[in-house]
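Colleague: Questions regarding the structure given below will be posed in turn.
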Number of protein chains: 2
Amino acid sequence: MARPMGPVRLKRANPITIAIGSLLCIFIVYFLVFSGGSHTISAARNANAASHPLSPPTSPFRKSNSKGKPKPPPVTRYNMNNVTTTPHPIDNNEHVLVLSPMARFYQGYWDNLLKLTYPHELMTLAFILPKNKEGNAATALLQAQITKTQKFGDEKERFKSIIILRQDIEPPLATQDESERHKIENQKARRAAMAKARNSLLFTTLGPSTSWVLWLDSDIVETPPSLIQDLASHDAPIIAPNCFQRYMNPETNQMDERPYDYNNWQDSPTAQELASKMGPDDILLEGYAEMATYRSLMTYMAAPGESLHQEVPLDGVGGTALLVKAEVHRDGAMFPAFPFYHLIETEGFARMAKRLGWVSIGLPNYKIYHYNE
Amino acid sequence: MARPMGPVRLKRANPITIAIGSLLCIFIVYFLVFSGGSHTISAARNANAASHPLSPPTSPFRKSNSKGKPKPPPVTRYNMNNVTTTPHPIDNNEHVLVLSPMARFYQGYWDNLLKLTYPHELMTLAFILPKNKEGNAATALLQAQITKTQKFGDEKERFKSIIILRQDIEPPLATQDESERHKIENQKARRAAMAKARNSLLFTTLGPSTSWVLWLDSDIVETPPSLIQDLASHDAPIIAPNCFQRYMNPETNQMDERPYDYNNWQDSPTAQELASKMGPDDILLEGYAEMATYRSLMTYMAAPGESLHQEVPLDGVGGTALLVKAEVHRDGAMFPAFPFYHLIETEGFARMAKRLGWVSIGLPNYKIYHYNE
């Protein structure tokens with residue numbers, strides 16, 4: 001094995017500076033602007049506060065009550081015996097945490113999210129956005145939509161709660177355009193940053209009541225409305241739908257669709273052979289002609305007429321949409337920002353989950369669609 | 001490189017069964033038993049609720065208000081610009097999450113915790129205990145002490161909040177006695193289970209306000225009262241004190257102390273050579289004569305008369321006591337339950353953190369003490 005204990009190049013020259021910088025940049029923004037604090041107080045009176053998926057197990061330390069005598073911290077009891085992860089999550093009131101790293105806001109993403117038929121009162125949304133100009137713009141657009149939904153929308157449209165994390169991840173989360181973002185030499189740094197953003201979002205927002213985590217990229221603009229129920233019905237630890245992109249086909253002059261997410265794959269002897277010759281810091285990437293892996297890509301497995309619920313085993317997964325049982329994450333499965341078996345980010349996550357005994361599957365005929373820039 | 005992409009033996013035959021089983025077993029127990037719900041309500045009225053390290057960013061979804069008209073979810077705003085990780089954490093109101101996996105309750109652990117001089121209102125405690133007979137007994141003892149402290153104790157003794165997770169981890173967290181627990185053939189399974197317990201505790205309880213995570217094993221019965229401030233003053237991403245054990249020395253017939261935690265070490269060429277010849281599922285363990293690594297163990301570096309604050313770099317760390325900047329975890333550093341560079345659990349954590357650019361240091365002369373069974 002090539003230098004498994006050998007020295008490792010530290011990617012960041014000064015962790016202390018970055019540590020302070022990144023913490024300083026963490027910023028939680030709240031989604032509704034009310035005229036006063038009265039709603040906060042009235043809602044906090046609600047005895048159901050304890051059932052919130054991210055609510056504190058105990059209320060905060062209080063210096064004293066109005067009579068000046070110290071009062072013990074208040075009590076809320078949870079009984080989590082009924083927290084389950086079943087193929088029928090609605091019947092069992094299972095909470096879903098929807099996690100979306102976001103560099104740009106797409107209206108289509110939000111509109112699609114609103115159309116999801118999973119009970120919104122069982123869904124917590126959490127976002128992470130960089131603390132730069134682009135992130136500020138995206139946050140403003142996101143907040144406007146959140147306000148519209150949570151304050152003025154139909155009751156059934158409103159989500160249980162929404163969290164926005166603002167944090168800079170180095171290197172920057174977003175680059176200028178799609179062609180630039182996909183250049184092979186930029187991929188490793190970009191995906192390492194994305195991995196850290198996913199981890200920060202996950203570690204910070206996963207609560208004791210979360211049954212499922214739905215990773216949904218902020219540029220996914222179309223899914224079946226029953227996405228969560230459909231994926232959960234397979235009762236898989238990790239399950240990925242098939243991500244396509246709609247486009248105008250110049251040959252037919254009609255709208256068509258093409259494969260988009262190359263990260264859902266089954267491994268190949270060629271890829272294993274390539275990996276075996278790599279240095280410890282090198283990674284395999286999918287979808288590049290100069291690095292032909294001959295893996296079986298799920299995006300090419302879609303077969304018209306076949307069942308939407310046909311399953312295939314996967315060795316690597318993408319993050320465009322991914323339903324994960326929360327216990328997979330709680331066991332420690334995260335998104336490696338470093339080469340892990342020469343894999344990184346979501347592909348490394350699938351490998352790490354497998355190391356922990358959790359398998360990934362995909363649904364080749366169950367399609368979701370990526371924004372077309 | 002030995003089969004880096006090859007098949008991996010899944011340690012658990014049926015992940016689905018385990019998934020359902022483990023989630024069913026998660027149980028949050030609250031620490032105070034009040035006669036009524038009035039304290040919950042009065043505390044929830046407290047406008048400071050938003051500052052709780054684990055409090056929800058938004059209050060829960062509400063069906064309707066008393067007038068029958070749907071009301072928007074309430075708002076709480078967080079401004080986390082001032083969340084820092086500095087050498088002077090008290091000055092900066094930095095929140096510390098104290099995490100302790102627990103199989104047995106030791107009164108000395110609790111008494112020592114109470115003596116810590118870090119402001120208790122900045123400390124959240126979180127525990128994970130197995131859902132078996134031994135875990136039930138430990139939980140009962142722990143809860144009794146928590147009630148005593150939080151309900152009847154001095155105001156300054158009370159912690160900001162306390163969380164108890166009940167979850168079974170396979171294989172069981174605890175075995176019968178110390179000699180059994182240390183047998184080399186039992187170590188890998190035991191430490192994999194401990195790694196999963198640590199991860200579940202970490203992923204579930206880390207909140208957006210947490211600056212530092214103090215890992216403190218439940219069998220640590222003596223530390224300097226200024227433990228948190230002292231460790232934080234070094235401004236290190238990961239820092240370990242030196243763990244000893246007091247005992248009656250039969251030669252002198254007096255109380256003496258001996259090295260206890262062998263997991264704080266500096267790597268050696270011999271250990272690297274051993275690792276290079278191992279199979280992908282094998283792990284290196286420290287402190288066993290049959291596996292001589294010739295690593296430099298911090299526990300032997302203590303030098304009477306030297307500064308308490310002398311630092312040494314570490315490649316592997318133990319978990320008896322460990323102060324970690326929360327951003328190290330948020331980047332994805334967790335406790336591998338699988339061989340990671342032939343390391344597992346806390347030792348694997350140090351290696352993973354290093355992969356992420358975070359270094360570990362130790363304080364050979366800064367001593368803490370393990371319970372003597």
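Labels for the structure tokens follow display order: chains A, B, ..., residues from 1 in each chain, ligands from 1.
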I'd like the contact shell of region 327-338 of chain B - 8 Å cut-off, only C-alpha atoms, skipping same-chain residues fewer than 3 positions apart - returned as a PyMOL selection string.

Modeller: (chain A and resi 19+23+196-197+199-201+203-204+331-332+334-337+355-356) or (chain B and resi 191-196+198-199+211+237+281+324+343-346+348-349+352-353+356+358)

Colleague: Give me the residues near region 89-93 of chain A as a list in words, where near means some atom within 10 Å (using only C-alpha atoms) and where sequence neighbours in that chain fewer than 6 positions away do not count.

Modeller: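 So, after excluding close chain neighbours, the residues are Asn82, Val83, Tyr118, Pro119, Glu121, Leu122, Ser211, Trp212, Ile228, Gln229, Ala232, Ser233 and Asp235 of chain A.
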
Colleague: Please report the interatomic distance between CA of His95 (chain B) and CA of Tyr262 (chain B) in Å with one decimal.

Modeller: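 Interatomic distance, CA of His95 (chain B) to CA of Tyr262 (chain B): 29.3 Å.
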
Colleague: Enumerate, as a PyMOL selection string, the complete set of residues in region 231-316 of chain A that a backbone-based DSSP assignment places in alpha helix (DSSP H).

Modeller: chain A and resi 231-232+269-276

Colleague: Using C-alpha atoms, can you export the residues from the last selection as a short mmCIF file (atom, residue, chain, number, x, y, z; two decimals), in the first residue's frame?

Modeller:
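Output (selection-v7.cif):
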```
data_model
loop_
_atom_site.label_atom_id
_atom_site.label_comp_id
_atom_site.auth_asym_id
_atom_site.auth_seq_id
_atom_site.Cartn_x
_atom_site.Cartn_y
_atom_site.Cartn_z
CA LEU A 231 -37.59 7.21 -2.58
CA ALA A 232 -38.42 6.23 1.01
CA PRO A 269 -12.05 -3.09 -13.07
CA THR A 270 -10.58 -0.26 -15.16
CA ALA A 271 -11.37 2.33 -12.50
CA GLN A 272 -9.90 0.09 -9.83
CA GLU A 273 -6.80 -0.38 -11.92
CA LEU A 274 -6.47 3.38 -12.45
CA ALA A 275 -6.86 3.98 -8.72
CA SER A 276 -4.24 1.40 -7.85
#
```

Colleague: Would you mind reading off the distance between CA of Val317 (chain B) and CA of Asn186 (chain B), one decimal, in Å?

Modeller: 19.7 Å

Colleague: Pick out the residues sitting within 12 Å of Ala236 (chain A), and hand them over as number ranges by chain; count only C-alpha atoms, and ignore anything fewer than 4 positions along from it in its own chain.

Modeller: A: 85-87, 212, 230-232, 240, 311-314, 322-328, 358-363; B: 14-17, 19-20

Colleague: May I ask which of the residues A:Ile368, A:Ala292, A:Met301, A:Ile162 is the closest one to chain B, counting only C-alpha atoms?

Modeller: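 Of the candidates, the smallest distance to chain B is held by A:Ile162.
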
Colleague: Identify which of the residues A:Leu227, A:Ile164, A:Leu129, A:Val213 lies closest to chain B, counting only C-alpha atoms when measuring atom-to-atom distances.

Modeller: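 Among A:Leu227, A:Ile164, A:Leu129, A:Val213, it is A:Ile164 that comes nearest to chain B.
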
Colleague: Of the residues B:Asp315, B:Ile238, B:Phe127, B:His370, which is the one nearest to Arg258 (chain B), using only C-alpha atoms?

Modeller: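 Using only C-alpha atoms, Arg258 (chain B) sits closest to B:His370.
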
Colleague: Report, in Å with one decimal, the straight-line distance from CA of Pro339 (chain A) to CA of Arg104 (chain A).

Modeller: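 So the answer is 26.9 Å.
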
Colleague: Within 10 Å of region 304-307 of chain B, counting only C-alpha atoms, which residues show up once you throw out same-chain ones fewer than 5 positions away? Write them as a CSV table (one decimal) with all heavy atoms, in the first residue's frame, please.

Modeller:
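Final file, part.csv:
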```
chain,number,residue,atom,x,y,z
B,363,LEU,N,-0.4,17.9,25.8
B,363,LEU,CA,0.3,18.5,26.9
B,363,LEU,C,0.8,17.4,27.9
B,363,LEU,O,0.0,17.0,28.7
B,363,LEU,CB,-0.6,19.5,27.6
B,363,LEU,CG,-1.3,20.6,26.8
B,363,LEU,CD1,-2.2,21.5,27.7
B,363,LEU,CD2,-0.2,21.5,26.1
B,364,PRO,N,2.1,17.0,27.7
B,364,PRO,CA,2.5,15.9,28.5
B,364,PRO,C,2.5,16.1,30.0
B,364,PRO,O,2.3,15.1,30.8
B,364,PRO,CB,4.0,15.7,28.1
B,364,PRO,CG,4.2,16.5,26.8
B,364,PRO,CD,3.1,17.5,26.8
B,365,ASN,N,2.6,17.3,30.5
B,365,ASN,CA,2.7,17.6,31.9
B,365,ASN,C,1.3,18.0,32.5
B,365,ASN,O,1.2,18.3,33.7
B,365,ASN,CB,3.7,18.6,32.2
B,365,ASN,CG,5.1,18.2,31.7
B,365,ASN,OD1,5.5,17.0,32.0
B,365,ASN,ND2,5.7,19.0,31.0
B,366,TYR,N,0.3,18.1,31.7
B,366,TYR,CA,-1.0,18.5,32.1
B,366,TYR,C,-1.8,17.3,32.3
B,366,TYR,O,-2.2,16.6,31.4
B,366,TYR,CB,-1.6,19.5,31.1
B,366,TYR,CG,-2.9,20.2,31.6
B,366,TYR,CD1,-2.7,21.5,32.1
B,366,TYR,CD2,-4.1,19.6,31.7
B,366,TYR,CE1,-3.8,22.2,32.6
B,366,TYR,CE2,-5.2,20.2,32.2
B,366,TYR,CZ,-5.1,21.5,32.7
B,366,TYR,OH,-6.2,22.2,33.2
```
